[in-house]
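Trainee: Here you go, run29.txt (compact mmCIF, C-alpha atoms):
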```txt
# COMPACT_ATOMS: atom_id res chain seq x y z
CA MET H 1 -121.33 101.84 157.50
CA ASP H 2 -124.19 103.67 155.79
CA PHE H 3 -123.94 105.22 152.34
CA SER H 4 -125.82 108.30 151.15
CA LEU H 5 -125.75 110.57 148.08
CA PHE H 6 -124.47 114.13 148.39
CA TYR H 7 -124.95 116.92 145.84
CA PHE H 8 -122.88 120.08 145.46
CA GLY H 9 -122.84 120.63 141.71
CA ASN H 10 -121.63 123.71 139.88
CA ASP H 11 -124.10 125.75 137.88
CA GLU H 12 -122.93 124.63 134.46
CA PRO H 13 -124.67 122.81 131.59
CA ASP H 14 -124.51 119.03 131.49
CA PRO H 15 -121.91 117.99 128.87
CA GLU H 16 -124.49 115.76 127.16
CA GLY H 17 -127.50 118.03 127.49
CA ALA H 18 -129.32 116.60 130.52
CA GLY H 19 -131.45 118.98 132.57
CA ARG H 20 -129.75 120.70 135.48
CA TYR H 21 -131.65 118.67 138.09
CA ASP H 22 -132.01 115.35 136.26
CA LEU H 23 -129.08 113.83 138.14
CA VAL H 24 -130.44 114.99 141.50
CA LEU H 25 -133.87 113.50 140.92
CA GLU H 26 -132.80 110.27 139.23
CA GLY H 27 -130.01 109.71 141.74
CA ALA H 28 -132.47 110.18 144.60
CA ARG H 29 -134.84 107.65 143.06
CA PHE H 30 -131.97 105.16 142.82
CA ALA H 31 -130.98 105.80 146.45
CA ASP H 32 -134.60 105.36 147.49
CA THR H 33 -134.88 101.88 145.98
CA HIS H 34 -131.38 100.62 146.90
CA ASP H 35 -131.21 101.09 150.67
CA PHE H 36 -129.08 104.23 150.72
CA ALA H 37 -129.48 106.16 153.95
CA ALA H 38 -130.10 109.68 152.68
CA VAL H 39 -129.85 112.30 149.97
CA TRP H 40 -128.17 115.59 150.92
CA THR H 41 -128.45 118.96 149.14
CA PRO H 42 -126.57 122.11 150.25
CA GLU H 43 -127.08 125.86 150.46
CA ARG H 44 -124.85 128.02 148.28
CA HIS H 45 -125.07 131.60 147.03
CA PHE H 46 -123.58 133.99 144.47
CA HIS H 47 -121.00 131.68 142.87
CA PRO H 48 -121.07 128.89 140.27
CA PHE H 49 -119.43 126.50 142.78
CA GLY H 50 -122.42 124.71 144.27
CA GLY H 51 -124.60 127.25 142.48
CA LEU H 52 -127.38 124.77 141.66
CA TYR H 53 -128.46 124.80 145.29
CA PRO H 54 -129.45 128.16 146.78
CA ASN H 55 -132.12 126.61 149.04
CA PRO H 56 -132.03 122.99 150.26
CA ALA H 57 -135.65 123.20 151.43
CA VAL H 58 -136.74 123.69 147.80
CA THR H 59 -134.66 120.82 146.46
CA GLY H 60 -135.59 118.78 149.54
CA ALA H 61 -139.30 119.24 148.79
CA ALA H 62 -138.79 118.03 145.22
CA LEU H 63 -136.83 114.99 146.42
CA ALA H 64 -139.39 114.23 149.11
CA ALA H 65 -142.14 114.09 146.50
CA ALA H 66 -140.04 111.88 144.19
CA THR H 67 -139.10 109.27 146.84
CA SER H 68 -140.72 107.21 149.56
CA ARG H 69 -138.04 105.84 151.92
CA VAL H 70 -134.68 107.62 151.75
CA ALA H 71 -133.97 110.42 154.26
CA ILE H 72 -134.07 113.99 152.89
CA ARG H 73 -131.34 116.10 154.44
CA ALA H 74 -129.92 119.61 154.20
CA GLY H 75 -126.19 119.59 153.84
CA SER H 76 -126.22 122.36 155.05
CA VAL H 77 -128.57 125.15 156.11
CA VAL H 78 -126.41 128.25 156.67
CA ALA H 79 -128.05 129.09 159.97
CA PRO H 80 -127.02 132.78 160.39
CA LEU H 81 -128.62 133.68 157.04
CA HIS H 82 -132.15 132.76 158.17
CA HIS H 83 -134.65 133.40 160.92
CA PRO H 84 -135.20 130.19 162.93
CA LEU H 85 -138.95 130.46 162.32
CA ARG H 86 -138.42 130.29 158.55
CA ILE H 87 -136.16 127.26 158.88
CA ALA H 88 -138.71 125.47 161.06
CA GLU H 89 -141.61 126.36 158.75
CA GLU H 90 -139.93 125.37 155.49
CA TRP H 91 -138.55 122.09 156.73
CA ALA H 92 -141.78 121.13 158.46
CA VAL H 93 -143.37 121.30 155.00
CA VAL H 94 -140.69 118.95 153.67
CA ASP H 95 -141.14 116.69 156.68
CA ASN H 96 -144.84 116.40 155.88
CA ILE H 97 -144.31 115.81 152.16
CA SER H 98 -141.76 113.10 152.98
CA GLY H 99 -143.75 111.50 155.79
CA GLY H 100 -141.12 112.30 158.43
CA ARG H 101 -137.81 111.81 156.62
CA VAL H 102 -136.15 115.21 157.15
CA GLY H 103 -132.71 115.80 158.71
CA LEU H 104 -130.83 119.10 158.97
CA ALA H 105 -127.13 119.85 158.99
CA PHE H 106 -126.42 123.42 160.07
CA ALA H 107 -123.38 125.51 159.12
CA SER H 108 -122.13 128.84 160.41
CA GLY H 109 -121.19 130.06 156.93
CA TRP H 110 -117.69 130.74 155.66
CA HIS H 111 -117.89 133.15 152.71
CA ALA H 112 -118.45 136.78 153.58
CA THR H 113 -120.29 137.52 150.33
CA ASP H 114 -123.03 135.06 151.28
CA PHE H 115 -123.88 137.36 154.18
CA ALA H 116 -125.20 139.97 151.78
CA LEU H 117 -128.45 138.23 152.72
CA ARG H 118 -127.97 139.10 156.40
CA PRO H 119 -124.80 141.13 156.97
CA GLU H 120 -125.47 141.79 160.65
CA ALA H 121 -125.06 138.07 161.39
CA TYR H 122 -121.54 137.69 159.99
CA GLU H 123 -119.37 138.76 162.91
CA ASN H 124 -120.99 136.47 165.48
CA ARG H 125 -122.02 133.71 163.05
CA ARG H 126 -120.71 130.84 165.20
CA GLU H 127 -122.72 131.98 168.22
CA VAL H 128 -125.74 132.56 165.97
CA LEU H 129 -125.40 128.99 164.70
CA VAL H 130 -125.67 127.49 168.19
CA ASP H 131 -128.62 129.71 169.09
CA THR H 132 -130.40 128.91 165.82
CA VAL H 133 -130.05 125.16 166.35
CA ARG H 134 -131.56 125.55 169.82
CA GLN H 135 -134.48 127.63 168.56
CA VAL H 136 -135.26 125.39 165.58
CA ARG H 137 -135.33 122.35 167.85
CA GLU H 138 -137.71 124.13 170.25
CA LEU H 139 -140.01 125.29 167.47
CA TRP H 140 -139.98 121.83 165.95
CA ARG H 141 -141.29 120.42 169.25
CA GLY H 142 -144.13 122.94 169.22
CA GLU H 143 -142.71 125.44 171.69
CA GLU H 144 -143.32 129.16 171.31
CA ALA H 145 -140.80 131.78 170.26
CA GLU H 146 -140.87 135.39 171.41
CA VAL H 147 -140.74 137.90 168.54
CA LEU H 148 -141.49 141.56 167.84
CA ASP H 149 -144.28 142.27 165.37
CA GLY H 150 -144.46 145.13 162.88
CA THR H 151 -145.49 147.60 165.58
CA GLY H 152 -142.68 146.59 167.92
CA THR H 153 -145.04 144.66 170.18
CA ALA H 154 -143.72 141.47 171.77
CA ARG H 155 -145.58 138.36 170.63
CA ARG H 156 -145.27 134.66 171.28
CA VAL H 157 -145.73 132.51 168.17
CA ARG H 158 -145.52 128.88 167.07
CA SER H 159 -144.40 127.67 163.66
CA TYR H 160 -146.72 125.82 161.29
CA PRO H 161 -147.34 123.33 159.79
CA ARG H 162 -146.57 120.89 162.57
CA PRO H 163 -143.91 118.39 161.43
CA VAL H 164 -144.33 114.64 161.40
CA GLN H 165 -141.24 113.92 163.52
CA ARG H 166 -141.28 114.93 167.17
CA GLU H 167 -137.53 115.67 167.05
CA VAL H 168 -135.59 116.76 163.97
CA PRO H 169 -132.25 114.96 163.43
CA VAL H 170 -129.45 117.57 163.49
CA TRP H 171 -125.81 117.66 162.34
CA ILE H 172 -123.22 120.44 162.58
CA THR H 173 -121.05 120.96 159.52
CA SER H 174 -117.31 121.14 160.12
CA ALA H 175 -114.53 121.89 157.67
CA GLY H 176 -112.17 120.09 160.05
CA GLY H 177 -111.83 122.17 163.20
CA VAL H 178 -111.74 119.90 166.24
CA GLU H 179 -113.57 122.48 168.36
CA THR H 180 -116.54 122.26 165.99
CA PHE H 181 -116.54 118.49 166.47
CA ARG H 182 -116.57 118.98 170.24
CA ALA H 183 -119.27 121.65 170.03
CA ALA H 184 -121.47 119.31 167.97
CA GLY H 185 -121.00 116.61 170.57
CA ALA H 186 -121.93 118.96 173.40
CA LEU H 187 -125.10 119.94 171.50
CA GLY H 188 -126.09 116.31 171.05
CA ALA H 189 -125.88 116.75 167.26
CA GLY H 190 -124.11 114.77 164.59
CA VAL H 191 -121.16 115.98 162.51
CA LEU H 192 -121.02 116.44 158.74
CA THR H 193 -117.45 116.79 157.48
CA HIS H 194 -115.17 116.04 154.51
CA LEU H 195 -111.57 115.24 153.62
CA LEU H 196 -110.66 118.63 152.15
CA GLY H 197 -107.82 119.77 154.38
CA GLN H 198 -107.73 116.76 156.73
CA ASP H 199 -106.52 113.20 156.34
CA PRO H 200 -108.07 110.03 157.79
CA ALA H 201 -105.71 110.01 160.79
CA GLU H 202 -106.74 113.56 161.73
CA LEU H 203 -110.39 112.68 161.16
CA ALA H 204 -110.05 109.73 163.54
CA GLU H 205 -108.71 112.02 166.30
CA LYS H 206 -111.51 114.54 165.80
CA THR H 207 -114.15 111.81 165.72
CA ALA H 208 -112.82 110.51 169.04
CA ALA H 209 -113.03 114.03 170.51
CA TYR H 210 -116.61 114.27 169.24
CA ARG H 211 -117.60 110.94 170.82
CA GLU H 212 -116.13 112.04 174.14
CA ALA H 213 -118.09 115.29 174.16
CA TYR H 214 -121.27 113.61 172.94
CA THR H 215 -121.33 110.91 175.59
CA ALA H 216 -120.28 113.28 178.40
CA ARG H 217 -123.05 115.83 177.83
CA GLU H 218 -125.98 116.20 180.18
CA GLY H 219 -128.85 113.96 179.13
CA ALA H 220 -126.70 111.56 177.11
CA VAL H 221 -128.32 108.16 176.52
CA PRO H 222 -126.07 105.17 177.35
CA GLY H 223 -124.95 103.46 174.18
CA ASP H 224 -125.74 106.44 171.92
CA ARG H 225 -122.45 107.67 170.48
CA GLY H 226 -123.78 110.19 167.96
CA HIS H 227 -123.36 110.17 164.20
CA VAL H 228 -120.43 111.30 162.01
CA VAL H 229 -120.88 111.69 158.24
CA CYS H 230 -117.92 112.16 155.87
CA MET H 231 -118.44 113.52 152.36
CA VAL H 232 -116.32 111.89 149.63
CA HIS H 233 -116.16 112.54 145.87
CA THR H 234 -117.45 109.44 144.11
CA LEU H 235 -117.44 107.83 140.67
CA LEU H 236 -116.73 104.14 140.14
CA GLY H 237 -115.85 102.21 137.00
CA GLU H 238 -114.75 98.81 135.78
CA ASP H 239 -111.31 99.89 134.51
CA GLU H 240 -108.90 101.94 136.65
CA GLU H 241 -107.18 103.96 133.93
CA GLN H 242 -110.36 104.59 131.99
CA THR H 243 -112.13 105.79 135.11
CA ARG H 244 -109.22 108.02 136.08
CA GLU H 245 -109.28 109.73 132.70
CA LEU H 246 -113.08 109.98 132.77
CA VAL H 247 -112.92 111.70 136.16
CA ARG H 248 -109.84 113.86 135.56
CA ALA H 249 -111.30 116.77 133.55
CA PRO H 250 -114.60 117.31 135.42
CA LEU H 251 -113.11 116.83 138.89
CA THR H 252 -110.11 119.06 138.13
CA ARG H 253 -112.45 121.76 136.82
CA TYR H 254 -114.63 121.38 139.90
CA LEU H 255 -111.67 121.57 142.27
CA ARG H 256 -110.30 124.59 140.42
CA SER H 257 -113.57 126.39 141.09
CA SER H 258 -113.40 125.34 144.73
CA VAL H 259 -109.77 126.44 145.16
CA SER H 260 -110.45 129.86 143.65
CA LEU H 261 -113.45 130.46 145.92
CA LEU H 262 -111.65 129.23 149.05
CA LEU H 263 -108.63 131.45 148.44
CA ALA H 264 -110.87 134.45 147.82
CA SER H 265 -112.73 133.79 151.07
CA ARG H 266 -109.54 133.54 153.10
CA ALA H 267 -108.07 136.67 151.53
CA HIS H 268 -111.28 138.59 152.23
CA GLY H 269 -111.24 137.37 155.82
CA GLY H 270 -107.71 138.61 156.38
CA ALA H 271 -106.06 135.20 156.63
CA ARG H 272 -102.47 134.95 155.49
CA THR H 273 -102.90 133.25 152.14
CA VAL H 274 -102.52 133.82 148.42
CA ASP H 275 -104.69 136.47 146.81
CA PRO H 276 -106.44 134.65 143.93
CA ALA H 277 -106.49 137.87 141.88
CA LYS H 278 -102.68 137.67 141.75
CA LEU H 279 -102.60 134.06 140.59
CA ARG H 280 -102.18 133.26 136.93
CA ASP H 281 -104.40 130.71 135.26
CA LYS H 282 -101.53 128.24 135.14
CA ASP H 283 -101.06 128.63 138.91
CA LEU H 284 -104.71 127.74 139.56
CA ASP H 285 -104.40 124.88 137.09
CA PHE H 286 -101.39 123.57 139.02
CA LEU H 287 -103.22 123.76 142.37
CA ALA H 288 -106.26 122.01 140.90
CA ALA H 289 -104.11 119.28 139.33
CA ARG H 290 -102.39 118.62 142.66
CA ALA H 291 -105.76 118.51 144.38
CA PHE H 292 -107.03 116.04 141.78
CA ASP H 293 -104.09 113.68 142.31
CA ARG H 294 -104.63 113.67 146.07
CA HIS H 295 -108.37 113.19 145.80
CA TYR H 296 -108.15 110.45 143.24
CA GLU H 297 -105.58 108.44 145.14
CA ASP H 298 -106.66 108.95 148.75
CA GLY H 299 -109.63 111.25 149.19
CA GLY H 300 -112.59 109.69 147.42
CA LEU H 301 -114.42 106.67 146.10
CA LEU H 302 -112.88 107.06 142.66
CA GLY H 303 -111.81 104.20 140.42
CA THR H 304 -112.54 100.51 140.64
CA LEU H 305 -114.37 98.58 143.34
CA PRO H 306 -111.23 97.08 144.96
CA LYS H 307 -109.60 100.53 145.23
CA ALA H 308 -112.78 102.07 146.64
CA ALA H 309 -113.22 99.21 149.11
CA ARG H 310 -109.79 100.01 150.57
CA VAL H 311 -110.85 103.64 151.02
CA VAL H 312 -114.06 102.54 152.77
CA GLU H 313 -112.04 100.31 155.09
CA ARG H 314 -109.63 103.13 155.92
CA LEU H 315 -112.46 105.56 156.60
CA GLY H 316 -114.26 102.94 158.67
CA GLU H 317 -111.20 102.84 160.91
CA THR H 318 -111.66 106.56 161.64
CA GLY H 319 -114.98 105.82 163.34
CA VAL H 320 -117.28 107.58 160.86
CA ASP H 321 -120.81 106.20 160.59
CA GLU H 322 -121.79 107.27 157.07
CA LEU H 323 -120.17 108.12 153.75
CA ALA H 324 -121.96 110.85 151.82
CA CYS H 325 -121.01 110.21 148.19
CA LEU H 326 -120.68 113.47 146.23
CA ILE H 327 -121.56 112.39 142.70
CA ASP H 328 -122.33 115.64 140.81
CA PHE H 329 -118.92 117.22 140.25
CA GLY H 330 -119.29 117.67 136.50
CA ALA H 331 -119.28 114.25 134.80
CA PRO H 332 -122.26 113.71 132.47
CA ALA H 333 -125.43 112.77 134.33
CA LYS H 334 -125.81 109.57 132.32
CA THR H 335 -122.25 108.50 133.17
CA VAL H 336 -122.87 109.08 136.88
CA LEU H 337 -126.23 107.33 136.89
CA ASP H 338 -124.82 104.36 134.97
CA ALA H 339 -122.14 104.02 137.69
CA LEU H 340 -124.59 103.95 140.61
CA PRO H 341 -125.07 100.14 140.48
CA LEU H 342 -121.32 99.78 141.15
CA LEU H 343 -121.66 102.14 144.12
CA ASP H 344 -124.53 100.04 145.40
CA GLU H 345 -122.37 96.93 145.02
CA LEU H 346 -119.65 98.65 147.05
CA ARG H 347 -122.22 99.57 149.70
CA ARG H 348 -123.38 95.94 149.97
CA ASN H 349 -119.87 94.49 149.88
CA THR H 350 -118.62 96.73 152.67
CA ALA H 351 -121.71 96.61 154.90
```
Show the structure stored in the file as structure tokens.

Mentor:
Amino acid sequence: MDFSLFYFGNDEPDPEGAGRYDLVLEGARFADTHDFAAVWTPERHFHPFGGLYPNPAVTGAALAAATSRVAIRAGSVVAPLHHPLRIAEEWAVVDNISGGRVGLAFASGWHATDFALRPEAYENRREVLVDTVRQVRELWRGEEAEVLDGTGTARRVRSYPRPVQREVPVWITSAGGVETFRAAGALGAGVLTHLLGQDPAELAEKTAAYREAYTAREGAVPGDRGHVVCMVHTLLGEDEEQTRELVRAPLTRYLRSSVSLLLASRAHGGARTVDPAKLRDKDLDFLAARAFDRHYEDGGLLGTLPKAARVVERLGETGVDELACLIDFGAPAKTVLDALPLLDELRRNTA
């Protein structure tokens, strides 16, 4: 199983004064020299949760220039917020800077406020996602796109610069819906997912559904079964109790931010859920504390090497191909960087 580094940090100062992007850059350099598969950065807007990353092409370009081997991936481009030509142009730049190391996960978007950037795309965002993936792939290969210019005249254009890779590796991001897994398989794309809201047994069933759709699609190559990536919160230490207490405050704070945003999104979308505006602080604290307990025990690479190795084994049984280790959830950058050699040891021990 491959290991990669995944970033989704809140926009908050480092507890020990490190620069906001020190962990991203130094972590990428470590991944680059220790045989990690990739470094992923996301796209987030208008909220502190994930707020360090409004544009993965910008962070991707910085990481491409700071590394020489590790893959540089978007985790994820929110496809309906962008014109396919812009996606192809920006990431072709990163592909050239990196010498052909770009990969793109695409998401349909889930928070209505994000669509302030392109409100007309919200209602049909899932259909827009599929169409955007198709168009970006075509543009990447050098095909033309038909557009209207400023006078309303139809034009056919190509995107530049030309990328290094003939084909861009693509994943579809799924919060856990099995139909998204199947849709990714039918597109011949990979899947990027996580354990928020699904357990390993459910993930195994969805991965199997993905493999079935992937191998049954027209043009499937015998022996190619696709690629499933699972994001897991990660921080390892030598002592179990010390590591648990080191992780508790930053991860609980991070999950509290996540819970609040998720509830707000569902309430805005009309789902039957709790309105976060009606929750007291102690209610959010309770939800975050419960989420921490579940994540620490079962949902991440958190604690000592033996405990983490059991998690890797269990996730390996689900059929996933890669673990994307989310390391920037609020612990000091130095603490996280000092723990990366243990993560590398886990990677080697479980290869």

Trainee: My list of candidates is H:Leu235, H:Ala105, H:Leu139, H:Val128. Which is closest to Ile172 of chain H when distances are computed with only C-alpha atoms?

Mentor: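 Closest residue, counting only C-alpha atoms: H:Ala105.
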
Trainee: Would you kindly return, as a list in words, each protein, DNA or RNA residue with an atom no farther than 8 Å from any atom of Leu236 of chain H, considering all atoms listed in the file and excluding same-chain residues fewer than 3 positions away?

Mentor: Thr243, Leu301, Leu302, Gly303, Thr304, Leu305, Ala308, Ala339, Leu340, Leu342 and Leu343 of chain H

Trainee: For the residues selected in the previous step, produce a file with C-alpha atoms as an mmCIF file, in the coordinates of the input.

Mentor:
```
data_model
loop_
_atom_site.group_PDB
_atom_site.id
_atom_site.type_symbol
_atom_site.label_atom_id
_atom_site.label_comp_id
_atom_site.auth_asym_id
_atom_site.auth_seq_id
_atom_site.Cartn_x
_atom_site.Cartn_y
_atom_site.Cartn_z
ATOM 1 C CA THR H 243 -112.130 105.790 135.110
ATOM 2 C CA LEU H 301 -114.420 106.670 146.100
ATOM 3 C CA LEU H 302 -112.880 107.060 142.660
ATOM 4 C CA GLY H 303 -111.810 104.200 140.420
ATOM 5 C CA THR H 304 -112.540 100.510 140.640
ATOM 6 C CA LEU H 305 -114.370 98.580 143.340
ATOM 7 C CA ALA H 308 -112.780 102.070 146.640
ATOM 8 C CA ALA H 339 -122.140 104.020 137.690
ATOM 9 C CA LEU H 340 -124.590 103.950 140.610
ATOM 10 C CA LEU H 342 -121.320 99.780 141.150
ATOM 11 C CA LEU H 343 -121.660 102.140 144.120
#
```

Trainee: Looking at H:Glu143, H:Asn124, H:Arg162, H:Pro200, which one is nearest to Gly99 of chain H, with distances taken over only C-alpha atoms?

Mentor: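 Nearest to Gly99 of chain H: H:Arg162.
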
Trainee: So that I can see what lies close to His83 of chain H, please list as a PyMOL selection string the residues with an atom at most 10 Å from it, counting all atoms listed in the file and leaving out residues fewer than 4 positions away in the same chain.

Mentor: chain H and resi 79+87-88+118+132+135-136

Trainee: Applying 6 Å and all atoms listed in the file, which residues near segment 4-6 of chain H remain after dropping the ones on its own chain fewer than 3 positions away? List them as a ChimeraX atom specification.

Mentor: /H:36-40,324-326

Trainee: In Å, how far is it from atom CA of Pro163 of chain H to atom CA of Arg217 of chain H?

Mentor: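 Between atom CA of Pro163 of chain H and atom CA of Arg217 of chain H the gap works out to 26.7 Å.
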
Trainee: Near Gly27 of chain H, within 10 Å and counting all atoms listed in the file, which residues show up once chain neighbours fewer than 5 positions away are dropped, as a ChimeraX atom specification?

Mentor: /H:5-7,21-22,32,39,63,327-328,333,336-337,340

Trainee: Of the residues H:His82, H:Asp239, H:Glu16, H:Ala220, which is the one nearest to Leu117 of chain H, using only C-alpha atoms?

Mentor: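 Ranking H:His82, H:Asp239, H:Glu16, H:Ala220 by distance to Leu117 of chain H, first place goes to H:His82.
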
Trainee: Calculated over only C-alpha atoms, which of the candidates H:Arg29, H:Arg86, H:His194, H:Arg73 has the smallest distance to Val320 of chain H?

Mentor: H:His194

Trainee: Considering all atoms listed in the file, state which residue in the set H:Val178, H:Ala184, H:Ala309, H:Leu315 is at the smallest distance from Arg347 of chain H.

Mentor: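 Of H:Val178, H:Ala184, H:Ala309, H:Leu315, the one nearest Arg347 of chain H is H:Ala309, counting all atoms listed in the file.
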